[in-house]
2 protein chains.
Amino acid sequence: MRFAIIAPDVPTQKWKKELEQLAPQIPLVIGAETDHVDEVVCAMVWKQKRGALQKFKNLRLIFSMGAGVDHILEDDTIAEHIPICRVVDPQMAFSMSNYVIMAVLNHHRALYDFQNAKQQKHWAQFDFDERHLKIGVLGTGFLGMDAAKKLHHLGFDVIGYSTTPKETPFPSYAGDALNEFLAQINVLICLVPYTPKTQGLLNYTLFEKLKQPTYLINVSRGSVQVEDDILKALEEGLLCGAFLDVFEEEPLPKNSPLWTHPAVQITPHIASLTYPKESVLQMLACFKRVEKGLPLPHQVDRKKMY
Amino acid sequence: MRFAIIAPDVPTQKWKKELEQLAPQIPLVIGAETDHVDEVVCAMVWKQKRGALQKFKNLRLIFSMGAGVDHILEDDTIAEHIPICRVVDPQMAFSMSNYVIMAVLNHHRALYDFQNAKQQKHWAQFDFDERHLKIGVLGTGFLGMDAAKKLHHLGFDVIGYSTTPKETPFPSYAGDALNEFLAQINVLICLVPYTPKTQGLLNYTLFEKLKQPTYLINVSRGSVQVEDDILKALEEGLLCGAFLDVFEEEPLPKNSPLWTHPAVQITPHIASLTYPKESVLQMLACFKRVEKGLPLPHQVDRKKMY
């Protein structure tokens, strides 16, 4: 019996170290290349190459190393019977929510304007007012709900949207009330999972439905946004700025106009950090339940795609 | 009977408008120059010139237009018998706390490093970790307590210090435990009132007592900090950066090295916004109590100086 860590694009040392400490009795396979193909029973994966898991005929669990699972579901070579689970980590919510709040507050208090004023040694005391924000959190799952509740607790005017109705301490919209939700907000925080339904969701047609101008924060997946439409909406004033952590292509290509756009903040897909220790603990607990034939926590619904 | 608004350095239009709406029966005096000296019974003031209030012999209330009252107490021409009150406004705490949280989060998530990376079109995905912060709030009065509680609620490790013991949901230090408090923290948020005791408090000797390197956030008063010592501590690595809203001299002189220091963020004394409507409402309620001889809310203790 072996566990595999398959994540071609990211450093896996921390994950390896945690697994060696927490389950020293189980030998590891790092990467998809191995002579022990039949021994691998569980794979922790992040953006594996399509088909990379096919050879592991005895795989009993696939565990996503991040909050998203689209990289697993998109791989149609993965057998339907293998359960896919993902980490649901309060520490991950700590990272994501604080990132989102940072993006909101910098916009709220015109930080970038004050940074420009500093460059000119200009004391801009009466130049910028605190902005009146009506914040919409699109996607109130585990992470979206945490961010929305914390913004609400800080005193902001927050509303939420999810496909299924949720109980929230702030007004919430669901199902076909998306347009009603969009029409009210001048800060849009996107935290939807990536599915065929959310692909290209953040496009010009959606931006037109917002209270204008709107500030856009996308921390979900790059494929949820249409970058040409973001640029067009910025140019036309539908959007007044954007804080983007994810991109259609990552790393963001050097020739993307987003790099040099003054109203766009860019971070390299770091909004929600995963904590290897917590993930490994959850994976081990999950695998024990697989061995006992028990129901699994945070198992992905292949139809819903999250 | 007249009310006066005396605030030489700031725009007073909004205050005038609110007073005219909320107390249209009371004529106003804007600025210290007036022929109606004996009619002025209440003055809303911000950084009035020393002696400016002396001629108003029938003054029965002085109301600070901001959270601080040092500008009033420093003016020794003001008669001892005139009560001094200040606004205590939840909206002001909303502004101050969100400003402080913004400063903390930008440091926590290395925003300025990512901004530099953006300038170089560099995808800095694994360059910067989330920082482990131990946040100390120095001065847990009305505003400091609100900021500390909110940071605690966001999941940060927070401790507080005030001269008198306070009940807090996080560990707190008081009285002579200042050094014990300082030794633990790598983010120092200063929210003390300006008094003779806090003048120059943020100096090199204090920085040496911190867990190094520490990030400094000062949103109290410029006279609480020694800017030469901040620069020296930055140079020597006692401080790793600073977010300053207040300065020894305001506006910050063009020749200050703070303007061009890459590890220093500068805002022009805008952390805690005052909301004219709420302040005017509180002042009017306060003046009614003066007329009835009732105890006044948020009256300043001239000995404590806050």
# chains A, B, ... in the order shown; residues from 1 in each chain; ligands from 1
>>> residues_around(residues="Arg221 in chain B", least_positions_apart="3", cutoff="7 Å", atoms="only C-alpha atoms", output="PyMOL selection string")
chain B and resi 194+224+246-247
>>> closest_atom_pairs(of="chain B", to="chain A", cutoff="6 Å", atoms="only C-alpha atoms", output="CSV")
residue,atom,partner,partner_atom,distance
B:Met102,CA,A:Leu105,CA,5.7
B:Leu105,CA,A:Met102,CA,5.7
B:Lys121,CA,A:Trp259,CA,5.9
B:Trp123,CA,A:Pro268,CA,5.6
B:Gln125,CA,A:Pro268,CA,5.0
B:Trp259,CA,A:Lys121,CA,5.9
B:Pro268,CA,A:Gln125,CA,5.0
>>> write_last_selection(atoms="all heavy atoms", output="PDB file, in the first residue's frame")
ATOM      1  N   MET B 102      -7.032  46.984   7.357  1.00  0.00           N
ATOM      2  CA  MET B 102      -6.408  47.102   6.031  1.00  0.00           C
ATOM      3  C   MET B 102      -4.885  47.106   6.150  1.00  0.00           C
ATOM      4  O   MET B 102      -4.193  46.365   5.436  1.00  0.00           O
ATOM      5  CB  MET B 102      -6.889  48.391   5.358  1.00  0.00           C
ATOM      6  CG  MET B 102      -6.130  48.773   4.107  1.00  0.00           C
ATOM      7  SD  MET B 102      -6.773  50.305   3.347  1.00  0.00           S
ATOM      8  CE  MET B 102      -6.083  51.560   4.423  1.00  0.00           C
ATOM      9  N   LEU B 105      -3.709  43.575   7.147  1.00  0.00           N
ATOM     10  CA  LEU B 105      -3.847  42.548   6.104  1.00  0.00           C
ATOM     11  C   LEU B 105      -2.852  42.746   4.967  1.00  0.00           C
ATOM     12  O   LEU B 105      -2.307  41.777   4.434  1.00  0.00           O
ATOM     13  CB  LEU B 105      -5.284  42.538   5.561  1.00  0.00           C
ATOM     14  CG  LEU B 105      -6.351  42.056   6.539  1.00  0.00           C
ATOM     15  CD1 LEU B 105      -7.740  42.167   5.906  1.00  0.00           C
ATOM     16  CD2 LEU B 105      -6.091  40.626   6.985  1.00  0.00           C
ATOM     17  N   LYS B 121       5.955  42.318 -13.926  1.00  0.00           N
ATOM     18  CA  LYS B 121       5.226  41.229 -14.599  1.00  0.00           C
ATOM     19  C   LYS B 121       5.736  39.869 -14.123  1.00  0.00           C
ATOM     20  O   LYS B 121       5.906  38.937 -14.915  1.00  0.00           O
ATOM     21  CB  LYS B 121       5.367  41.338 -16.125  1.00  0.00           C
ATOM     22  CG  LYS B 121       4.862  42.650 -16.682  1.00  0.00           C
ATOM     23  CD  LYS B 121       4.855  42.613 -18.204  1.00  0.00           C
ATOM     24  CE  LYS B 121       4.388  43.943 -18.773  1.00  0.00           C
ATOM     25  NZ  LYS B 121       4.300  43.915 -20.242  1.00  0.00           N
ATOM     26  N   TRP B 123       5.256  36.542 -11.841  1.00  0.00           N
ATOM     27  CA  TRP B 123       4.267  35.673 -11.199  1.00  0.00           C
ATOM     28  C   TRP B 123       4.908  35.080  -9.927  1.00  0.00           C
ATOM     29  O   TRP B 123       5.515  34.010  -9.974  1.00  0.00           O
ATOM     30  CB  TRP B 123       3.888  34.572 -12.188  1.00  0.00           C
ATOM     31  CG  TRP B 123       2.804  33.634 -11.749  1.00  0.00           C
ATOM     32  CD1 TRP B 123       2.956  32.361 -11.284  1.00  0.00           C
ATOM     33  CD2 TRP B 123       1.391  33.873 -11.774  1.00  0.00           C
ATOM     34  NE1 TRP B 123       1.739  31.799 -11.008  1.00  0.00           N
ATOM     35  CE2 TRP B 123       0.757  32.696 -11.302  1.00  0.00           C
ATOM     36  CE3 TRP B 123       0.590  34.966 -12.137  1.00  0.00           C
ATOM     37  CZ2 TRP B 123      -0.641  32.588 -11.194  1.00  0.00           C
ATOM     38  CZ3 TRP B 123      -0.788  34.850 -12.031  1.00  0.00           C
ATOM     39  CH2 TRP B 123      -1.385  33.679 -11.569  1.00  0.00           C
ATOM     40  N   GLN B 125       4.401  33.349  -7.343  1.00  0.00           N
ATOM     41  CA  GLN B 125       3.496  32.437  -6.634  1.00  0.00           C
ATOM     42  C   GLN B 125       4.078  31.852  -5.348  1.00  0.00           C
ATOM     43  O   GLN B 125       3.359  31.692  -4.365  1.00  0.00           O
ATOM     44  CB  GLN B 125       3.048  31.301  -7.560  1.00  0.00           C
ATOM     45  CG  GLN B 125       1.954  30.445  -6.904  1.00  0.00           C
ATOM     46  CD  GLN B 125       1.166  29.641  -7.903  1.00  0.00           C
ATOM     47  OE1 GLN B 125       1.675  29.188  -8.911  1.00  0.00           O
ATOM     48  NE2 GLN B 125      -0.109  29.456  -7.628  1.00  0.00           N
ATOM     49  N   TRP B 259       8.423  60.035   3.030  1.00  0.00           N
ATOM     50  CA  TRP B 259       7.715  60.060   1.741  1.00  0.00           C
ATOM     51  C   TRP B 259       8.268  59.025   0.763  1.00  0.00           C
ATOM     52  O   TRP B 259       7.520  58.418   0.000  1.00  0.00           O
ATOM     53  CB  TRP B 259       7.821  61.436   1.079  1.00  0.00           C
ATOM     54  CG  TRP B 259       6.878  62.494   1.581  1.00  0.00           C
ATOM     55  CD1 TRP B 259       7.229  63.664   2.187  1.00  0.00           C
ATOM     56  CD2 TRP B 259       5.443  62.514   1.492  1.00  0.00           C
ATOM     57  NE1 TRP B 259       6.098  64.415   2.481  1.00  0.00           N
ATOM     58  CE2 TRP B 259       4.989  63.729   2.064  1.00  0.00           C
ATOM     59  CE3 TRP B 259       4.490  61.620   0.981  1.00  0.00           C
ATOM     60  CZ2 TRP B 259       3.639  64.079   2.142  1.00  0.00           C
ATOM     61  CZ3 TRP B 259       3.142  61.968   1.063  1.00  0.00           C
ATOM     62  CH2 TRP B 259       2.719  63.174   1.635  1.00  0.00           C
ATOM     63  N   PRO B 268      -2.838  60.599   4.823  1.00  0.00           N
ATOM     64  CA  PRO B 268      -2.823  61.960   5.378  1.00  0.00           C
ATOM     65  C   PRO B 268      -3.852  62.182   6.502  1.00  0.00           C
ATOM     66  O   PRO B 268      -4.784  62.946   6.346  1.00  0.00           O
ATOM     67  CB  PRO B 268      -3.125  62.815   4.149  1.00  0.00           C
ATOM     68  CG  PRO B 268      -3.966  61.932   3.283  1.00  0.00           C
ATOM     69  CD  PRO B 268      -3.550  60.529   3.541  1.00  0.00           C
TER      70      PRO B 268
END
>>> atom_distance(atom1="CA of Leu191 in chain B", atom2="CA of Ser162 in chain B")
9.9 Å
>>> residues_around(residues="Pro27 in chain B", least_positions_apart="2", cutoff="9 Å", atoms="only C-alpha atoms", output="PyMOL selection string")
chain B and resi 1-4+20+23-25+29
>>> write_last_selection(atoms="N, CA, C and O atoms", output="PDB file, in the first residue's frame")
ATOM      1  N   MET B   1     -28.295  83.563  21.434  1.00  0.00           N
ATOM      2  CA  MET B   1     -27.526  82.325  21.547  1.00  0.00           C
ATOM      3  C   MET B   1     -27.027  81.871  20.173  1.00  0.00           C
ATOM      4  O   MET B   1     -27.791  81.762  19.229  1.00  0.00           O
ATOM      5  N   ARG B   2     -25.749  81.623  20.090  1.00  0.00           N
ATOM      6  CA  ARG B   2     -25.130  81.162  18.845  1.00  0.00           C
ATOM      7  C   ARG B   2     -24.198  79.986  19.115  1.00  0.00           C
ATOM      8  O   ARG B   2     -23.642  79.860  20.199  1.00  0.00           O
ATOM      9  N   PHE B   3     -24.035  79.163  18.075  1.00  0.00           N
ATOM     10  CA  PHE B   3     -23.017  78.107  18.108  1.00  0.00           C
ATOM     11  C   PHE B   3     -21.877  78.503  17.167  1.00  0.00           C
ATOM     12  O   PHE B   3     -22.134  79.109  16.120  1.00  0.00           O
ATOM     13  N   ALA B   4     -20.668  78.123  17.548  1.00  0.00           N
ATOM     14  CA  ALA B   4     -19.514  78.428  16.685  1.00  0.00           C
ATOM     15  C   ALA B   4     -18.856  77.147  16.180  1.00  0.00           C
ATOM     16  O   ALA B   4     -18.829  76.137  16.891  1.00  0.00           O
ATOM     17  N   GLU B  20     -27.254  73.524  10.371  1.00  0.00           N
ATOM     18  CA  GLU B  20     -28.376  74.314   9.842  1.00  0.00           C
ATOM     19  C   GLU B  20     -29.623  73.460   9.671  1.00  0.00           C
ATOM     20  O   GLU B  20     -30.747  73.929   9.827  1.00  0.00           O
ATOM     21  N   ALA B  23     -30.485  72.113  13.680  1.00  0.00           N
ATOM     22  CA  ALA B  23     -30.830  73.154  14.658  1.00  0.00           C
ATOM     23  C   ALA B  23     -30.972  74.490  13.940  1.00  0.00           C
ATOM     24  O   ALA B  23     -30.210  75.425  14.175  1.00  0.00           O
ATOM     25  N   PRO B  24     -31.956  74.571  13.020  1.00  0.00           N
ATOM     26  CA  PRO B  24     -32.071  75.775  12.177  1.00  0.00           C
ATOM     27  C   PRO B  24     -32.340  77.048  12.992  1.00  0.00           C
ATOM     28  O   PRO B  24     -32.076  78.153  12.515  1.00  0.00           O
ATOM     29  N   GLN B  25     -32.852  76.884  14.221  1.00  0.00           N
ATOM     30  CA  GLN B  25     -33.186  78.060  15.033  1.00  0.00           C
ATOM     31  C   GLN B  25     -31.963  78.748  15.634  1.00  0.00           C
ATOM     32  O   GLN B  25     -32.062  79.889  16.106  1.00  0.00           O
ATOM     33  N   VAL B  29     -21.741  80.838  13.969  1.00  0.00           N
ATOM     34  CA  VAL B  29     -20.533  81.621  13.733  1.00  0.00           C
ATOM     35  C   VAL B  29     -19.514  80.647  13.158  1.00  0.00           C
ATOM     36  O   VAL B  29     -19.258  79.602  13.754  1.00  0.00           O
TER      37      VAL B  29
END
>>> atom_distance(atom1="CA of His298 in chain B", atom2="CA of Leu143 in chain B")
13.4 Å
>>> closest_residue(among="B:Thr274, B:Thr164, B:Tyr306, B:Val226", to="Leu178 in chain B", atoms="only C-alpha atoms")
B:Thr164
>>> closest_atom_pairs(of="range 73-119 of chain A", to="range 55-63 of chain A", cutoff="6 Å", atoms="only C-alpha atoms", output="Markdown table")
| residue | atom | partner | partner_atom | distance |
| --- | --- | --- | --- | --- |
| A:Ile82 | CA | A:Arg60 | CA | 5.6 |
| A:Pro83 | CA | A:Leu61 | CA | 5.4 |
| A:Ile84 | CA | A:Ile62 | CA | 4.8 |
| A:Cys85 | CA | A:Phe63 | CA | 4.9 |
| A:Arg86 | CA | A:Phe63 | CA | 5.5 |
>>> atom_distance(atom1="CA of Val88 in chain B", atom2="CA of Leu182 in chain B")
27.8 Å
>>> select_by_dssp(residues="range 85-200 of chain B", states="strand (DSSP E)", output="NGL selection string")
:B and (85-86 or 134-138 or 157-162 or 172-174 or 187-190)
>>> write_last_selection(atoms="N, CA and C atoms", output="PDB file, in the first residue's frame")
ATOM      1  N   CYS B  85     -16.252  68.062  25.706  1.00  0.00           N
ATOM      2  CA  CYS B  85     -16.775  66.737  25.365  1.00  0.00           C
ATOM      3  C   CYS B  85     -16.287  66.341  23.980  1.00  0.00           C
ATOM      4  N   ARG B  86     -16.390  65.041  23.704  1.00  0.00           N
ATOM      5  CA  ARG B  86     -15.945  64.569  22.388  1.00  0.00           C
ATOM      6  C   ARG B  86     -16.953  63.550  21.860  1.00  0.00           C
ATOM      7  N   LYS B 134       1.662  38.293  15.489  1.00  0.00           N
ATOM      8  CA  LYS B 134       1.181  38.426  16.862  1.00  0.00           C
ATOM      9  C   LYS B 134       0.959  39.916  17.057  1.00  0.00           C
ATOM     10  N   ILE B 135      -0.313  40.283  17.109  1.00  0.00           N
ATOM     11  CA  ILE B 135      -0.684  41.691  17.021  1.00  0.00           C
ATOM     12  C   ILE B 135      -0.905  42.274  18.415  1.00  0.00           C
ATOM     13  N   GLY B 136      -0.278  43.405  18.685  1.00  0.00           N
ATOM     14  CA  GLY B 136      -0.505  44.105  19.944  1.00  0.00           C
ATOM     15  C   GLY B 136      -1.208  45.426  19.701  1.00  0.00           C
ATOM     16  N   VAL B 137      -2.337  45.625  20.377  1.00  0.00           N
ATOM     17  CA  VAL B 137      -3.035  46.906  20.281  1.00  0.00           C
ATOM     18  C   VAL B 137      -2.698  47.715  21.532  1.00  0.00           C
ATOM     19  N   LEU B 138      -1.948  48.773  21.321  1.00  0.00           N
ATOM     20  CA  LEU B 138      -1.495  49.639  22.408  1.00  0.00           C
ATOM     21  C   LEU B 138      -2.533  50.749  22.567  1.00  0.00           C
ATOM     22  N   ASP B 157      -4.093  36.412  16.224  1.00  0.00           N
ATOM     23  CA  ASP B 157      -3.585  36.314  17.581  1.00  0.00           C
ATOM     24  C   ASP B 157      -3.344  37.747  18.079  1.00  0.00           C
ATOM     25  N   VAL B 158      -4.213  38.218  18.975  1.00  0.00           N
ATOM     26  CA  VAL B 158      -4.211  39.622  19.393  1.00  0.00           C
ATOM     27  C   VAL B 158      -3.999  39.724  20.906  1.00  0.00           C
ATOM     28  N   ILE B 159      -3.218  40.693  21.331  1.00  0.00           N
ATOM     29  CA  ILE B 159      -3.177  41.054  22.738  1.00  0.00           C
ATOM     30  C   ILE B 159      -3.329  42.567  22.850  1.00  0.00           C
ATOM     31  N   GLY B 160      -3.758  43.010  24.039  1.00  0.00           N
ATOM     32  CA  GLY B 160      -4.008  44.436  24.225  1.00  0.00           C
ATOM     33  C   GLY B 160      -3.268  45.001  25.414  1.00  0.00           C
ATOM     34  N   TYR B 161      -3.080  46.303  25.386  1.00  0.00           N
ATOM     35  CA  TYR B 161      -2.505  46.991  26.547  1.00  0.00           C
ATOM     36  C   TYR B 161      -3.266  48.289  26.789  1.00  0.00           C
ATOM     37  N   SER B 162      -3.587  48.551  28.038  1.00  0.00           N
ATOM     38  CA  SER B 162      -4.092  49.876  28.410  1.00  0.00           C
ATOM     39  C   SER B 162      -3.606  50.196  29.820  1.00  0.00           C
ATOM     40  N   SER B 172      -4.863  40.502  27.873  1.00  0.00           N
ATOM     41  CA  SER B 172      -4.645  41.936  28.011  1.00  0.00           C
ATOM     42  C   SER B 172      -3.630  42.251  29.100  1.00  0.00           C
ATOM     43  N   TYR B 173      -2.914  43.325  28.894  1.00  0.00           N
ATOM     44  CA  TYR B 173      -1.917  43.773  29.862  1.00  0.00           C
ATOM     45  C   TYR B 173      -2.249  45.200  30.268  1.00  0.00           C
ATOM     46  N   ALA B 174      -1.876  45.545  31.496  1.00  0.00           N
ATOM     47  CA  ALA B 174      -2.188  46.891  31.978  1.00  0.00           C
ATOM     48  C   ALA B 174      -1.057  47.386  32.865  1.00  0.00           C
ATOM     49  N   VAL B 187       3.476  42.928  15.437  1.00  0.00           N
ATOM     50  CA  VAL B 187       2.708  44.019  14.821  1.00  0.00           C
ATOM     51  C   VAL B 187       2.260  44.922  15.963  1.00  0.00           C
ATOM     52  N   LEU B 188       2.646  46.189  15.914  1.00  0.00           N
ATOM     53  CA  LEU B 188       2.261  47.129  16.971  1.00  0.00           C
ATOM     54  C   LEU B 188       1.291  48.153  16.394  1.00  0.00           C
ATOM     55  N   ILE B 189       0.080  48.145  16.946  1.00  0.00           N
ATOM     56  CA  ILE B 189      -0.934  49.118  16.516  1.00  0.00           C
ATOM     57  C   ILE B 189      -1.100  50.139  17.628  1.00  0.00           C
ATOM     58  N   CYS B 190      -0.773  51.385  17.331  1.00  0.00           N
ATOM     59  CA  CYS B 190      -0.827  52.417  18.361  1.00  0.00           C
ATOM     60  C   CYS B 190      -2.122  53.211  18.266  1.00  0.00           C
TER      61      CYS B 190
END
>>> residues_around(residues="Gln282 in chain A", least_positions_apart="4", cutoff="7 Å", atoms="only C-alpha atoms", output="PyMOL selection string")
chain A and resi 87+278+286
>>> residues_around(residues="Ala32 in chain A", least_positions_apart="3", cutoff="12 Å", atoms="only C-alpha atoms", output="JSON, numbers by chain")
{"A": [3, 4, 5, 6, 7, 8, 28, 29, 35, 36, 37, 40, 43, 44, 45, 46, 47, 48, 49, 50, 51, 52, 53, 54, 55, 56]}
>>> write_last_selection(atoms="N, CA, C and O atoms", output="mmCIF file, in the first residue's frame")
data_model
loop_
_atom_site.group_PDB
_atom_site.id
_atom_site.type_symbol
_atom_site.label_atom_id
_atom_site.label_comp_id
_atom_site.auth_asym_id
_atom_site.auth_seq_id
_atom_site.Cartn_x
_atom_site.Cartn_y
_atom_site.Cartn_z
ATOM 1 N N PHE A 3 0.811 5.733 -0.871
ATOM 2 C CA PHE A 3 0.086 6.967 -1.199
ATOM 3 C C PHE A 3 0.906 7.743 -2.227
ATOM 4 O O PHE A 3 2.134 7.717 -2.179
ATOM 5 N N ALA A 4 0.194 8.422 -3.122
ATOM 6 C CA ALA A 4 0.894 9.223 -4.136
ATOM 7 C C ALA A 4 0.581 10.711 -3.967
ATOM 8 O O ALA A 4 -0.531 11.081 -3.572
ATOM 9 N N ILE A 5 1.561 11.558 -4.243
ATOM 10 C CA ILE A 5 1.354 13.013 -4.330
ATOM 11 C C ILE A 5 1.659 13.406 -5.770
ATOM 12 O O ILE A 5 2.790 13.271 -6.237
ATOM 13 N N ILE A 6 0.641 13.864 -6.483
ATOM 14 C CA ILE A 6 0.813 14.179 -7.909
ATOM 15 C C ILE A 6 0.368 15.616 -8.157
ATOM 16 O O ILE A 6 -0.827 15.919 -8.204
ATOM 17 N N ALA A 7 1.336 16.512 -8.250
ATOM 18 C CA ALA A 7 1.056 17.941 -8.412
ATOM 19 C C ALA A 7 2.194 18.561 -9.197
ATOM 20 O O ALA A 7 3.096 19.177 -8.633
ATOM 21 N N PRO A 8 2.157 18.407 -10.536
ATOM 22 C CA PRO A 8 3.314 18.771 -11.358
ATOM 23 C C PRO A 8 3.798 20.208 -11.191
ATOM 24 O O PRO A 8 4.997 20.474 -11.258
ATOM 25 N N LEU A 28 5.666 6.434 0.099
ATOM 26 C CA LEU A 28 5.094 7.447 -0.785
ATOM 27 C C LEU A 28 5.604 7.313 -2.215
ATOM 28 O O LEU A 28 6.694 6.810 -2.458
ATOM 29 N N VAL A 29 4.772 7.799 -3.110
ATOM 30 C CA VAL A 29 5.168 7.976 -4.502
ATOM 31 C C VAL A 29 5.002 9.465 -4.785
ATOM 32 O O VAL A 29 3.934 10.035 -4.549
ATOM 33 N N ASP A 35 7.376 2.682 -10.247
ATOM 34 C CA ASP A 35 7.335 1.255 -10.578
ATOM 35 C C ASP A 35 6.289 0.519 -9.743
ATOM 36 O O ASP A 35 6.040 -0.659 -9.939
ATOM 37 N N HIS A 36 5.703 1.254 -8.773
ATOM 38 C CA HIS A 36 4.783 0.597 -7.831
ATOM 39 C C HIS A 36 3.330 0.912 -8.151
ATOM 40 O O HIS A 36 2.531 1.191 -7.253
ATOM 41 N N VAL A 37 3.008 0.881 -9.418
ATOM 42 C CA VAL A 37 1.696 1.309 -9.887
ATOM 43 C C VAL A 37 0.551 0.619 -9.139
ATOM 44 O O VAL A 37 -0.403 1.270 -8.693
ATOM 45 N N VAL A 40 -0.470 1.797 -5.327
ATOM 46 C CA VAL A 40 -1.014 3.115 -4.970
ATOM 47 C C VAL A 40 -2.530 3.036 -4.747
ATOM 48 O O VAL A 40 -3.291 2.697 -5.647
ATOM 49 N N ALA A 43 -4.437 8.973 -3.900
ATOM 50 C CA ALA A 43 -3.623 10.003 -4.559
ATOM 51 C C ALA A 43 -4.074 11.383 -4.109
ATOM 52 O O ALA A 43 -5.260 11.721 -4.185
ATOM 53 N N MET A 44 -3.117 12.167 -3.607
ATOM 54 C CA MET A 44 -3.371 13.591 -3.347
ATOM 55 C C MET A 44 -2.934 14.312 -4.615
ATOM 56 O O MET A 44 -1.765 14.202 -5.021
ATOM 57 N N VAL A 45 -3.853 15.051 -5.233
ATOM 58 C CA VAL A 45 -3.521 15.609 -6.543
ATOM 59 C C VAL A 45 -3.820 17.106 -6.650
ATOM 60 O O VAL A 45 -4.714 17.631 -5.977
ATOM 61 N N TRP A 46 -3.036 17.787 -7.477
ATOM 62 C CA TRP A 46 -3.313 19.166 -7.863
ATOM 63 C C TRP A 46 -2.866 19.349 -9.310
ATOM 64 O O TRP A 46 -1.708 19.207 -9.637
ATOM 65 N N LYS A 47 -3.835 19.622 -10.168
ATOM 66 C CA LYS A 47 -3.577 19.844 -11.590
ATOM 67 C C LYS A 47 -2.670 18.767 -12.208
ATOM 68 O O LYS A 47 -1.666 19.088 -12.864
ATOM 69 N N GLN A 48 -3.037 17.515 -11.954
ATOM 70 C CA GLN A 48 -2.315 16.405 -12.578
ATOM 71 C C GLN A 48 -2.531 16.441 -14.098
ATOM 72 O O GLN A 48 -3.517 17.012 -14.569
ATOM 73 N N LYS A 49 -1.620 15.854 -14.831
ATOM 74 C CA LYS A 49 -1.805 15.785 -16.294
ATOM 75 C C LYS A 49 -2.948 14.814 -16.585
ATOM 76 O O LYS A 49 -3.115 13.797 -15.908
ATOM 77 N N ARG A 50 -3.735 15.131 -17.608
ATOM 78 C CA ARG A 50 -4.847 14.263 -17.999
ATOM 79 C C ARG A 50 -4.330 12.845 -18.223
ATOM 80 O O ARG A 50 -3.322 12.639 -18.908
ATOM 81 N N GLY A 51 -5.007 11.895 -17.598
ATOM 82 C CA GLY A 51 -4.619 10.503 -17.782
ATOM 83 C C GLY A 51 -3.578 9.999 -16.792
ATOM 84 O O GLY A 51 -3.280 8.802 -16.750
ATOM 85 N N ALA A 52 -3.030 10.902 -15.987
ATOM 86 C CA ALA A 52 -1.925 10.525 -15.093
ATOM 87 C C ALA A 52 -2.347 9.482 -14.055
ATOM 88 O O ALA A 52 -1.521 8.699 -13.581
ATOM 89 N N LEU A 53 -3.647 9.458 -13.732
ATOM 90 C CA LEU A 53 -4.091 8.545 -12.666
ATOM 91 C C LEU A 53 -4.551 7.190 -13.208
ATOM 92 O O LEU A 53 -4.792 6.251 -12.452
ATOM 93 N N GLN A 54 -4.676 7.117 -14.547
ATOM 94 C CA GLN A 54 -5.283 5.952 -15.189
ATOM 95 C C GLN A 54 -4.604 4.626 -14.834
ATOM 96 O O GLN A 54 -5.265 3.599 -14.677
ATOM 97 N N LYS A 55 -3.288 4.687 -14.708
ATOM 98 C CA LYS A 55 -2.532 3.448 -14.498
ATOM 99 C C LYS A 55 -2.677 2.874 -13.095
ATOM 100 O O LYS A 55 -2.362 1.712 -12.860
ATOM 101 N N PHE A 56 -3.185 3.705 -12.154
ATOM 102 C CA PHE A 56 -3.316 3.218 -10.775
ATOM 103 C C PHE A 56 -4.645 2.464 -10.632
ATOM 104 O O PHE A 56 -5.663 3.030 -10.249
#
>>> closest_residue(among="A:Met283, A:Leu238, A:Met92, A:Ile217", to="Thr205 in chain A", atoms="only C-alpha atoms")
A:Leu238
>>> select_by_dssp(residues="range 155-277 of chain A", states="alpha helix (DSSP H)", output="ChimeraX atom specification")
/A:178-182,204-208,227-236,276-277
>>> residues_around(residues="Leu281 in chain B", least_positions_apart="3", cutoff="9 Å", atoms="only C-alpha atoms", output="list in words")
Glu18, Leu19, Leu22, Pro276, Lys277, Glu278, Leu284, Ala285 and Cys286 of chain B
